[in-house]
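Chemist: Quick one: this structure, given as C-alpha cells, is what I'll be asking you about.
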Amino acid sequence: MLRALFLNACVLVTLTYALSLSYRQWPLSGGRWPLLKLLAFAGMGTVLLLFPAELGPGVVLDLRAVPVLLVTLEYGLLQGLSVAAAILSARYLQGGSGVIPGALALLLVTLVAGGARRFAGLTLKGLAGRRWFWAALLCLPYPLTLLMLPGGAAVFERLATPLVLMNTAGLLLCVSVLEGRFETLWATRSLMQQAERDALTALPNRRRFDADLLSLGVQDALLLIDIDHFKRVNDTFGHPAGDQVLQQVAARLAEVVRAQDTVYRYGGEEFAVILKRVRCEEVIQLAERLRVSVEALPLGSLNGASVTVSVGVAHQGRGLALVQQADAALYAAKHAGRNRVHVAPGSSEAGQGG
C-alpha cells in the first residue's frame with residue numbers, strides 16, 4: 001500500500017510540474033474559461049485513477065481530489081465541478097463498489113473549496129499563510145462518505161485520517177510547485193518591466209518602444225514629440241529643474257492620451273506616442289490636444305512658466321519607415337517655428353499650431 005501511495009504522489013507532483021510549465025507569462029493568461037488548462041487538470045485526475053492504493057474493500061486512495069481543488073481555488077466552483085465530472089466519468093467506467101461514495105466525496109470537497117473561495121476569499125495564493133490549516137480544512141469532508149460503505153463507522157475510524165493526511169499533503173505539494181512557477185513568472189515580469197521602464201519619468205523606454213513598434217497595424221499612428229528649447233531650460237534653471245520638467249511633461253502626456261495609446265520616453269527631451277486604432281482624421285486632433293495640454297501646463301520648477309512642444313506625425317507606414325516619417329515631420333515642425341504639429345506627407349493634411 002505504501003508503495004502505491006508513493007507512486008500516486010509522484011505521479012501527481014510530476015503532472016503538476018509539467019502543467020505548471022504551460023503557464024508562460026505573468027499575469028496568468030487563459031481568460032475566464034481556460035479550456036486547455038481545465039482539460040489538463042481533468043487529464044491529471046484521470047491518470048491518478050490508474051495508480052490507486054487499496055485501503056480496504058471498496059476504498060481506494062488516488063489523490064484525484066487534488067487537481068479538482070486546485071482548479072476550484074484558482075478558477076472557481078463551476079470550473080472545479082466540470083473537472084470533477086470528467087474525472088468521475090472515468091471512475092465510473094472503472095466500476096467497483098466504491099463508485100458512488102467516491103463520487104459524493106469528490107463533489108463534497110469541491111463544494112467546500114468553492115465556498116471557501118467565494119466567502120473566505122481563499123485562492124491558491126491564500127494557502128501561503130496558514131497552509132496546513134486551510135488545506136486540511138478543505139480535505140476534512142473527504143472521508144465522510146466512507147460511512148455509506150458496509151461497516152462504515154469502522155471503516156471511517158480506520159481510514160479517515162490517512163485519507164485527509166494524504167490529500168492534504170498532496171494539495172500542499174502541488175500548491176508549492178505552482179507557486180514556485182508563479183513566483184518565477186512574476187519575478188521575470190518585474191525584471192522585464194524594470195529593464196523597459198525609464199527611471200526618471202516612469203514611462204516605457206526606447207527598448208519597449210522598439211518592441212512595440214514591430215506590432216503596429218495599418219490603423220495605428222506614431223507621434224514624435226520634442227520639448228522646444230530644452231537646452232535653454234537646463235542652462236537657465238539647472239539640470240534638476242530640467243528633470244522635473246521632463247517628469248511633468250511625461251505625466252501630462254500620459255494623462256491626456258487615450259486608454260489604448262502609449263507614451264514612451266524616446267530619448268533626451270523627446271517622447272513618442274503610439275496611437276492604436278485611430279482614424280486619419282483623428283490623428284491631428286489627438287496630436288494637437290497633446291501640444292495644447294503641454295503648453296497650458298504651469299511648471300513650478302520654472303517659476304510657473306510653461307514649455308512648448310513640437311509634434312511630428314506619421315500614419316502611413318510600418319516599423320522603421322514610420323519612425324523616419326515621424327522624425328522628418330518633427331524636423332519640419334521645428335524648422336517652421338516650433339510649438340506646432342506637422343504631419344508627414346501622405347499621412348493626412350498638415351496642421352499648424354501655436
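Residues are named by chain letter and number: chains run A, B, ... in the order of the C-alpha cells, numbers start at 1 in each chain, and ligands are numbered from 1 in the order shown.
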Could you pull the residues within 7 Å of range 317-324 of chain A, counting only C-alpha atoms, minus those fewer than 3 positions along the same chain, as a VMD selection string?

Modeler: chain A and resid 213 to 214 216 314 327 to 328

Chemist: I want to know what sits within 9 Å of range 159-164 of chain A, based on only C-alpha atoms, with residues of the same chain fewer than 5 positions away left out; could you give that as a PyMOL selection string?

Modeler: chain A and resi 55-56+59+61+63+136+139-144+146+154+169

Chemist: Within 7 Å of range 263-267 of chain A, counting only C-alpha atoms, which residues qualify if same-chain residues fewer than 5 places away don't, as a compact mmCIF listing (two decimals) with N, CA and C atoms, in the first residue's frame?

Modeler:
```txt
# COMPACT_ATOMS: atom_id res chain seq x y z
N ASP A 198 11.68 53.77 -18.09
CA ASP A 198 12.59 54.89 -17.89
C ASP A 198 12.61 55.28 -16.42
N LEU A 203 8.00 56.21 -17.63
CA LEU A 203 7.37 55.80 -18.88
C LEU A 203 8.11 54.61 -19.48
N PRO A 204 7.45 53.85 -20.36
CA PRO A 204 8.19 52.84 -21.12
C PRO A 204 9.34 53.50 -21.88
N ASN A 205 10.46 52.80 -21.98
CA ASN A 205 11.63 53.41 -22.59
C ASN A 205 11.79 53.02 -24.06
N ARG A 206 12.94 53.37 -24.61
CA ARG A 206 13.19 53.12 -26.03
C ARG A 206 13.17 51.62 -26.34
N PHE A 209 9.65 50.67 -26.69
CA PHE A 209 9.13 51.28 -27.92
C PHE A 209 9.53 50.46 -29.14
N LEU A 253 1.41 64.08 -20.72
CA LEU A 253 1.17 63.31 -21.95
C LEU A 253 0.44 62.01 -21.64
N ALA A 254 0.91 61.31 -20.59
CA ALA A 254 0.27 60.03 -20.23
C ALA A 254 -1.16 60.24 -19.76
N ALA A 272 7.72 59.68 -27.52
CA ALA A 272 7.00 59.05 -28.63
C ALA A 272 5.63 58.61 -28.11
N VAL A 273 4.65 58.65 -28.99
CA VAL A 273 3.31 58.19 -28.64
C VAL A 273 2.82 57.28 -29.75
N ILE A 274 2.44 56.07 -29.40
CA ILE A 274 1.81 55.16 -30.36
C ILE A 274 0.30 55.23 -30.16
```

Chemist: Quick one: residues within 9 Å of Arg291 in chain A, only C-alpha atoms, excluding same-chain residues fewer than 2 positions away - as a list in words?

Modeler: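 With the cut-off at 9 Å, the set is Ile225, Leu253, Leu286, Ala287, Glu288, Arg289, Ser293, Val294, Glu295, Ala296, Thr308, Val309, Ser310, Val311, Asn339, Arg340, Val341, Gly353 and Gly354 of chain A.
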
Chemist: Considering only strand (DSSP E) as DSSP defines it on the backbone, what residues of range 30-228 of chain A qualify? List them as JSON, numbers by chain.

Modeler: {"A": [53, 54, 55, 56, 59, 60, 61, 221, 222, 223, 224, 225, 226, 227]}

Chemist: I need the chosen residues saved as a tab-separated table (two decimals), in the first residue's frame, with C-alpha atoms.

Modeler:
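Contents of out.tsv, as written:
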```
chain	number	residue	atom	x	y	z
A	53	ALA	CA	-3.73	2.44	-3.28
A	54	GLU	CA	-6.13	-0.18	-1.89
A	55	LEU	CA	-7.03	0.91	1.64
A	56	GLY	CA	-9.84	-1.54	2.15
A	59	VAL	CA	-11.90	2.02	-0.67
A	60	VAL	CA	-9.02	3.34	-2.77
A	61	LEU	CA	-6.81	6.38	-2.41
A	221	ALA	CA	-0.12	56.08	-35.87
A	222	LEU	CA	3.09	57.43	-34.39
A	223	LEU	CA	3.82	60.81	-32.82
A	224	LEU	CA	7.31	62.06	-32.03
A	225	ILE	CA	7.23	64.94	-29.54
A	226	ASP	CA	10.18	67.17	-28.67
A	227	ILE	CA	10.29	69.85	-25.95
```

Chemist: Skip Tyr23 in chain A itself and residues of its chain fewer than 4 positions away, then list as a CSV table (one decimal) with N, CA and C atoms, in the first residue's frame all residues within 8 Å of it, counting only C-alpha atoms.

Modeler:
```csv
chain,number,residue,atom,x,y,z
A,19,LEU,N,2.3,20.6,-15.9
A,19,LEU,CA,1.3,21.5,-16.1
A,19,LEU,C,1.7,22.9,-15.8
A,28,LEU,N,-1.2,35.8,-15.2
A,28,LEU,CA,-1.6,34.5,-15.8
A,28,LEU,C,-2.7,34.7,-16.9
A,29,SER,N,-2.5,34.2,-18.1
A,29,SER,CA,-3.5,34.3,-19.1
A,29,SER,C,-4.3,33.1,-19.2
A,181,ARG,N,6.4,28.3,-9.7
A,181,ARG,CA,6.3,28.7,-11.1
A,181,ARG,C,5.7,30.1,-11.2
A,182,PHE,N,4.7,30.4,-10.4
A,182,PHE,CA,4.1,31.7,-10.5
A,182,PHE,C,5.1,32.8,-10.0
```
